[in-house]
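Here the structure is laid out as structure tokens; the discussion comes afterwards.
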Amino acid sequence: MAQVTLTHITKLFPGAATPAVDGISLVIPKGSFTTLLGPSGCGKSSTLRIVAGLSKPDNGMILIDGRNITHLSAAKRNIGMVFQSLALFPHMTVAENVAFGLKMRGLAEAERRPKVSRALELVELGHLAERYPHQLSGGQQQRVALARALVVEPSILILDEPFSALDRKLRESMQIELYRITRSLGITAMFVTHDQEEALTLSDRIVVMNQGRIEQDGTPREIYGAPKTRFVAEFMGLSNFLPAQSRGSALVFEGVTAEKTMDAGVPQECFVALRPEGLSLSVAKPDGPALNGRLAEAIYQGATSSYTVELPTGRRITARTPDCGLQPGQDVWVSWSPDALHAFAA
Amino acid sequence: MEQGMSPYSDFFRRAGTGLLFLFLLAPLAAVIVVSVNAGTTPKFPPEGFSLKWYGTALSNPAFTGSAFNSLLLAALATAVGTPLGVAAAFGIARGRLPSAVRGLLEAVFLSPLIVPGIVIGVALLVALSSAGLRDAWLRLILGHVLLVLPYVIRTTLASLQNFDPALEEAAHTLGASRFKTLTQVTLPVLRPAIMAGAIFGFIISFDDAAVSIFLIDSSTSTLPLAIMSYMQYNFDPSVAAISSMLIGLTLAGALAIERVFGLKKFLGS
Amino acid sequence: MAITDMEVAPAGSGALKPPPSPAWLVLPGMVFLFFVLLLPVGWLMALSLKPSMAGAFSMEGDWTIANYLRFFSQPFYYSTLIKTLWVSGLTTVITAVIGYALALVIWTAKPAHRGWIVLIVLSPLLVSIVARTYGWMIVLGDRGILNQFLLGLGLIDEPIQIMYTSAAVIVGLVHVFVPFMALCILTSLDKIDPNVPEAAMTFGAGRLAVLTRILVPLTVPGLASGLTIVFSLSISSYVTPALMGGPRSGMLTTFIYQQFAVTLDWRFGAVLVTLLLALTLLVLTTILALAARMTAKWSKA
Ligand SMILES: Nc1ncnc2c1ncn2[C@@H]1O[C@H](COP(=O)(O)OP(=O)(O)O)[C@@H](O)[C@H]1O
Ligand SMILES: [Mg+2]
């Protein structure tokens with residue numbers, strides 16, 4: 001296991017107007033599971049491929065345990081990579097696929113065999129060693145790809161959206177399995193996804209990317225609970241953005257003043273966001289700050305219902321709460337739990 | 001307006017289909033039936049069952065000698081044409097080329113499919129004669145490599161275009177050098193396509209008459225041409241026997257392609 | 001971070017550099033094609049512009065179009081061009097009809113039967129050209145199966161001559177080209193949502209209307225490539241016309257054989273080769289352009 005450092009990594013593809021990766025600097029501590037999260041096209045894969053040695057940066061350096069590997073070929077970096085398409089070798093059995101990296105490292109058959117069976121045990125595929133990839137289910141193929149990357153004891157495990165082709169149920173069970181395996185081996189992992197729930201489930205650390213740059217870098221709790229920018233907030237499922245002014249430790253929006261301890265970076269003219277799940281509706285004015293409006297829409301969705309309230313300014317906010325029997329047209333009050341309120345620069 | 005299928009339309013549909021199948025299969029069935037005919041002329045219905053014409057065909061030196069030539073020629077042409085074709089397909093698919101150049105290269109490499117066989121043969125004969133080269137084997141091999149080349153290029157190119165680049169990248173990250181990646185991953189993955197092209201090229205070469213007719217000489221002939229010249233003066237069932245054996249050979253080749261590649265996909269595009 | 005302490009990998013063996021462009025791999029094949037196909041064909045075409053002279057294949061003599069004038073001024077010569085065109089045209093039309101019918105048979109077949117039907121449709125391609133032709137001789141000969149059958153039924157009094165006529169050539173060509181046509185059309189049919197013809201039937205369209213108004217227009221691309229392939233294969237076919245049409249089948253290809261192997265007037269023969277190639281290219285480009293225009297309207301949607 002190793003620490004990986006990216007310094008000022010930049011990549012401009014020929015013919016592109018803006019860089020795909022725009023000066024990314026990042027330290028991935030030994031044994032941590034770090035996820036690059038961001039919308040499609042934000043440069044996650046490009047960054048991973050530079051770390052793996054499959055693509056050459058225009059600028060910047062990659063260090064593994066302090067050693068500069070920027071100009072080292074992929075074959076010599078000792079990296080385990082799981083590809084989005086899995087890239088299992090179709091003409092090799094499961095065991096041969098897993099043994100490939102060991103063979104390339106010059107290990108003899110006798111040395112390879114125990115390592116291959118241990119890797120296959122780890123992903124619970126020992127009984128399928130002699131099958132070919134096309135004879136396996138999607139989840140089993142996934143495990144082979146993982147075993148193939150892990151068996152070489154890589155200094156870092158790199159995974160590029162490995163679960164994006166799986167259906168929801170399988171994806172969730174694979175996430176749990178990946179969590180179990182990486183934590184039990186204490187491996188350093190770099191994971192890429194555009195799915196925020198997946199990132200929250202798996203990671204010790206999430207790096208949110210946007211247009212080739214790092215938007216925010218922190219623990220899942222920090223990223224979800226305290227998004228620093230509107231982009232991160234929206235990406236983590238926040239909505240109900242309203243213009244606001246910050247006055248010391250208070251926020252004023254829609255004529256209401258709310259107490260909030262804020263980051264120093266929030267300017268006077270700012271935005272607030274209200275997490276829909278942290279809102280509650282009532283007919284009577286509650287204690288503390290609340291917004292008054294007319295219930296425009298009520299949609300029953302099972303466990304929760306979605307209520308859209310039109311404020312006097314014409315802006316709309318949406319609340320998701322358990323069904324509370326309110327009818328459209330009613331005059332309602334919207335209040336919020338303190339951690340549902342966030343403020344950012346515009 | 002018609003609803004469902006009336007008994008009449010169903011009858012006509014089946015009868016029509018049957019006639020079409022008869023048309024497709026009649027000459028093949030006739031060859032096989034005549035080949036086991038005991039009589040001396042290709043009569044219908046046959047006068048009893050006998051395999052003697054197979055014996056006659058196999059003991060005719062004109063057939064056996066030219067069959068050996070044809071096998072050797074097809075094998076040599078495939079052995080030369082396959083690496084040439086695979087290399088060219090790699091160059092077209094992987095070379096960093098403008099798309100216009102790529103399209104042009106592809107068209108040029110597939111052009112032997114468009115140029116009539118007899119033109120290939122006659123052009124080669126004239127050109128080699130002008131250059132003072134009059135060896136029949138040299139002419140035949142050059143002409144037949146030309147026949148094999150486009151089939152190998154076509155299947156290899158199709159397979160390369162569907163090739164997942166991540167396969168090679170995976171091999172790299174696992175420590176494989178460029179050479180190891182080529183020999184242990186890329187070529188094995190392409191093998192079914194290359195094999196299909198090579199087998200098809202072999203069959204085309206073995207079966208060719210149009211290109212070879214100008215390239216043979218009085219001492220070197222190929223099986224199809226030997227049969228053709230035999231047919232001009234004889235009509236006995238030994239031609240049926242040798243034809244039946246050819247049917248068996250081609251069928252075996254076709255089954256091999258079907259196994260490794262899928263025949264319909266191969267003939268489709 | 002101790003970025004200062006760095007060990008830069010030496011450029012060389014392990015260095016990360018983009019793989020060299022393997023475009024040069026086309027070179028051996030290109031050289032081969034140039035010397036074995038392009039140069040010989042070009043040479044032959046140039047030879048057609050030299051004065052006719054028996055046995056001469058060198059480039060001596062003045063440039064002239066005399067050979068072309070000779071070809072187009074004598075009915076005996078230019079009739080081969082006309083005959084090649086109409087035999088190929090008729091072959092193509094008949095192949096289209098039969099190929100379409102067979103494609104529909106495959107398309108509507110139960111999945112369990114489909115494999116067998118495809119095999120039957122492909123069978124002519126799987127059989128050596130001489131074997132196939134010999135089979136047709138047995139079927140179509142003066143004392144062949146067909147004549148015996150018709151005589152037996154009393155439909156004819158004496159055998160009709162089929163072998164060594166244009167009819168035999170057309171039968172032989174249709175037989176071997178039908179698989180190409182059927183596969184081309186099938187490729188287009190397979191792209192049609194099976195609900196489309198059904199939907200048309202629920203709107204009251206009859207079977208014929210479904211065929212002509214829906215299936216045929218939607219299969220124009222397949223039909224066009226089938227027509228192209230079959231027509232160009234027909235005009236360039238040699239063995240079938242030579243064997244089934246007899247030595248004087250009157251097709252351009254058999255005439256080429258005569259010029260080069262019997263008359264030995266290679267420079268005049270070169271005219272025929274040039275015309276055959278020009279014809280092939282013309283047909284290919286015309287039909288492809290036509291198909292592109294016809295499908296451009298709806299395929300971009
Ligand atoms: N090989 C390439 N050539 C040119 N542009 C590329 C290439 N790979 C990626 N890009 C571009 O770089 C940007 C980032 O792509 P990528 O890293 O794949 O994003 P992500 O993985 O976050 O979806 C995109 O705009 C993409 O179009
Ligand atoms: Mg990506």
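Residues in the structure tokens are numbered from 1 in each chain, the chains being A, B, ... in the order shown, and ligands are numbered from 1 in the order shown.
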
For chain B against chain C, which residues fall within 7 Å using only C-alpha atoms, given as a ChimeraX atom specification? /B:1-2,24,27-28,30-31,44,84-85,87-88,90-92,94-96,115-116,118-120,123-124,126-127,130,142,207,209-210,224,228,243,246-247,250-251,254,268

If you count only C-alpha atoms, which residues fall within 9 Å of stretch 257-259 of chain B, apart from same-chain ones fewer than 6 positions away, as a tab-separated table (two decimals) with N, CA, C and O atoms, in the first residue's frame?
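Contents of selection.tsv, as written:
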chain	number	residue	atom	x	y	z
B	192	PRO	N	-10.20	-15.65	-33.86
B	192	PRO	CA	-11.35	-16.20	-34.61
B	192	PRO	C	-11.61	-15.46	-35.91
B	192	PRO	O	-11.87	-16.08	-36.94
B	195	MET	N	-8.87	-16.30	-38.40
B	195	MET	CA	-9.08	-17.67	-38.89
B	195	MET	C	-10.22	-17.72	-39.90
B	195	MET	O	-10.12	-18.37	-40.94
B	196	ALA	N	-11.31	-17.04	-39.59
B	196	ALA	CA	-12.46	-17.06	-40.50
B	196	ALA	C	-12.05	-16.50	-41.85
B	196	ALA	O	-12.37	-17.07	-42.90
B	197	GLY	N	-11.35	-15.36	-41.84
B	197	GLY	CA	-10.90	-14.76	-43.09
B	197	GLY	C	-9.97	-15.70	-43.85
B	197	GLY	O	-10.08	-15.87	-45.06
B	199	ILE	N	-9.74	-19.03	-43.60
B	199	ILE	CA	-10.45	-20.21	-44.12
B	199	ILE	C	-11.25	-19.82	-45.36
B	199	ILE	O	-11.23	-20.53	-46.37
B	200	PHE	N	-11.92	-18.68	-45.28
B	200	PHE	CA	-12.71	-18.25	-46.44
B	200	PHE	C	-11.80	-17.99	-47.63
B	200	PHE	O	-12.10	-18.40	-48.75
B	266	PHE	N	-20.42	-13.07	-41.50
B	266	PHE	CA	-19.29	-12.99	-42.41
B	266	PHE	C	-19.72	-12.57	-43.80
B	266	PHE	O	-19.10	-11.73	-44.44

Check: which chain A residues lie within 9 Å of chain B using only C-alpha atoms, as an MDAnalysis selection string: chainID A and resid 52:54 73:91 100:105 148:149 152

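The residue set within 7 Å of stretch 127-132 of chain A, counting only C-alpha atoms and dropping same-chain residues fewer than 3 places from it, reads Pro90, Met92, Thr93, Val94, Ala95 and Gln135 of chain A.
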
Near-ligand residues for ligand 2, threshold 8 Å, only C-alpha atoms and all ligand atoms, as a list in words: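 Answer in the requested format: Ser40, Gly41, Gly43, Lys44, Ser45, Ser46, Asp160, Glu161, Val192 and Thr193 of chain A.
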
Restricting it to C-alpha atoms, dump the selection as an mmCIF file, in the first residue's frame.
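Below is the file part.cif, written as the result:
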data_model
loop_
_atom_site.group_PDB
_atom_site.id
_atom_site.type_symbol
_atom_site.label_atom_id
_atom_site.label_comp_id
_atom_site.auth_asym_id
_atom_site.auth_seq_id
_atom_site.Cartn_x
_atom_site.Cartn_y
_atom_site.Cartn_z
ATOM 1 C CA SER A 40 -19.978 12.823 -16.844
ATOM 2 C CA GLY A 41 -17.227 14.585 -18.774
ATOM 3 C CA GLY A 43 -12.360 14.743 -16.196
ATOM 4 C CA LYS A 44 -12.524 11.882 -13.690
ATOM 5 C CA SER A 45 -11.440 9.158 -16.103
ATOM 6 C CA SER A 46 -8.753 11.382 -17.587
ATOM 7 C CA ASP A 160 -13.333 3.587 -13.099
ATOM 8 C CA GLU A 161 -17.119 3.379 -12.688
ATOM 9 C CA VAL A 192 -14.509 7.057 -9.856
ATOM 10 C CA THR A 193 -18.252 7.460 -10.049
#

May I ask you to write as a ChimeraX atom specification all residues lying at most 12 Å from ligand 1, with only C-alpha atoms and all ligand atoms counted? /A:10-22,35-50,54-56,83-84,159-162,164,191-195,208-214 /B:165

Spatial neighbours of B:Tyr151, max dist 10 Å, only C-alpha atoms, sep filter under 5 positions, as a ChimeraX atom specification: /B:81-82,85,109-110,112-113,146,156-157,194,196-202,204,266

Compile the contact shell of stretch 54-65 of chain B as a list in words: residues with an atom at most 10 Å away, counting only C-alpha atoms, same-chain residues fewer than 5 positions apart removed.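 Answer for this query is Ser35, Val36, Ser70, Thr220, Ser221, Thr222, Leu223, Pro224, Leu225, Ala226, Ile227, Tyr230, Pro237, Ser238, Val239, Ala240, Ala241, Ile242, Ser243, Ser244 and Met245 of chain B.
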
Looking at C:Ile94, C:Met244, C:Val283, C:Leu290, which one is nearest to C:Ser166, with distances taken over only C-alpha atoms?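 Among C:Ile94, C:Met244, C:Val283, C:Leu290, it is C:Met244 that comes nearest to C:Ser166.
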
At a cut-off of 6 Å, can you tabulate as CSV every residue of chain A near chain C together with its closest atom pair and the distance in Å to one decimal, using only C-alpha atoms and ordering rows by chain then number?
residue,atom,partner,partner_atom,distance
A:Arg67,CA,C:Met6,CA,5.3
A:Asn68,CA,C:Met6,CA,5.3
A:His71,CA,C:Leu16,CA,5.1
A:Leu72,CA,C:Ala15,CA,5.0
A:Ser73,CA,C:Leu16,CA,4.4

Output for the residues just chosen: all heavy atoms as a PDB file, in the first residue's frame:
ATOM      1  N   ARG A  67       8.038   8.842  -4.855  1.00  0.00           N
ATOM      2  CA  ARG A  67       8.838   8.555  -6.039  1.00  0.00           C
ATOM      3  C   ARG A  67       8.099   9.060  -7.271  1.00  0.00           C
ATOM      4  O   ARG A  67       6.923   8.760  -7.459  1.00  0.00           O
ATOM      5  CB  ARG A  67       9.058   7.053  -6.117  1.00  0.00           C
ATOM      6  CG  ARG A  67       9.779   6.598  -7.345  1.00  0.00           C
ATOM      7  CD  ARG A  67      10.205   5.137  -7.199  1.00  0.00           C
ATOM      8  NE  ARG A  67      10.756   4.678  -8.446  1.00  0.00           N
ATOM      9  CZ  ARG A  67      10.181   3.734  -9.215  1.00  0.00           C
ATOM     10  NH1 ARG A  67       9.064   3.160  -8.833  1.00  0.00           N
ATOM     11  NH2 ARG A  67      10.744   3.392 -10.346  1.00  0.00           N
ATOM     12  N   ASN A  68       8.779   9.825  -8.094  1.00  0.00           N
ATOM     13  CA  ASN A  68       8.147  10.395  -9.274  1.00  0.00           C
ATOM     14  C   ASN A  68       7.965   9.314 -10.341  1.00  0.00           C
ATOM     15  O   ASN A  68       8.937   8.762 -10.843  1.00  0.00           O
ATOM     16  CB  ASN A  68       9.016  11.529  -9.820  1.00  0.00           C
ATOM     17  CG  ASN A  68       8.319  12.246 -10.967  1.00  0.00           C
ATOM     18  OD1 ASN A  68       7.397  11.712 -11.577  1.00  0.00           O
ATOM     19  ND2 ASN A  68       8.766  13.446 -11.251  1.00  0.00           N
ATOM     20  N   HIS A  71       6.822   9.636 -15.631  1.00  0.00           N
ATOM     21  CA  HIS A  71       7.272   9.172 -16.945  1.00  0.00           C
ATOM     22  C   HIS A  71       7.447   7.662 -17.028  1.00  0.00           C
ATOM     23  O   HIS A  71       8.045   7.153 -17.960  1.00  0.00           O
ATOM     24  CB  HIS A  71       8.583   9.876 -17.312  1.00  0.00           C
ATOM     25  CG  HIS A  71       8.419  11.356 -17.377  1.00  0.00           C
ATOM     26  ND1 HIS A  71       7.743  11.975 -18.406  1.00  0.00           N
ATOM     27  CD2 HIS A  71       8.780  12.343 -16.515  1.00  0.00           C
ATOM     28  CE1 HIS A  71       7.714  13.270 -18.191  1.00  0.00           C
ATOM     29  NE2 HIS A  71       8.333  13.520 -17.040  1.00  0.00           N
ATOM     30  N   LEU A  72       6.889   6.970 -16.038  1.00  0.00           N
ATOM     31  CA  LEU A  72       6.992   5.510 -16.028  1.00  0.00           C
ATOM     32  C   LEU A  72       5.815   4.929 -16.798  1.00  0.00           C
ATOM     33  O   LEU A  72       4.692   5.424 -16.712  1.00  0.00           O
ATOM     34  CB  LEU A  72       6.954   5.037 -14.573  1.00  0.00           C
ATOM     35  CG  LEU A  72       7.672   3.738 -14.244  1.00  0.00           C
ATOM     36  CD1 LEU A  72       9.146   3.822 -14.617  1.00  0.00           C
ATOM     37  CD2 LEU A  72       7.531   3.463 -12.745  1.00  0.00           C
ATOM     38  N   SER A  73       6.058   3.852 -17.561  1.00  0.00           N
ATOM     39  CA  SER A  73       4.954   3.267 -18.329  1.00  0.00           C
ATOM     40  C   SER A  73       4.010   2.526 -17.390  1.00  0.00           C
ATOM     41  O   SER A  73       4.376   2.130 -16.285  1.00  0.00           O
ATOM     42  CB  SER A  73       5.495   2.306 -19.377  1.00  0.00           C
ATOM     43  OG  SER A  73       5.702   1.045 -18.807  1.00  0.00           O
TER      44      SER A  73
END

Of the residues B:Ala256, B:Ile153, B:Ile114, B:Leu105, which is the one nearest to B:Val86, using only C-alpha atoms?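 Nearest to B:Val86: B:Ile153.
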
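Note that the spacing between atom CA of A:Leu242 and atom CA of A:Asp287 amounts to 21.5 Å.
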
May I have all residues of stretch 34-187 of chain A that DSSP, computed from the backbone, assigns to strand (DSSP E), given as a PyMOL selection string? chain A and resi 34-37+59-64+67-68+79-82+156-160
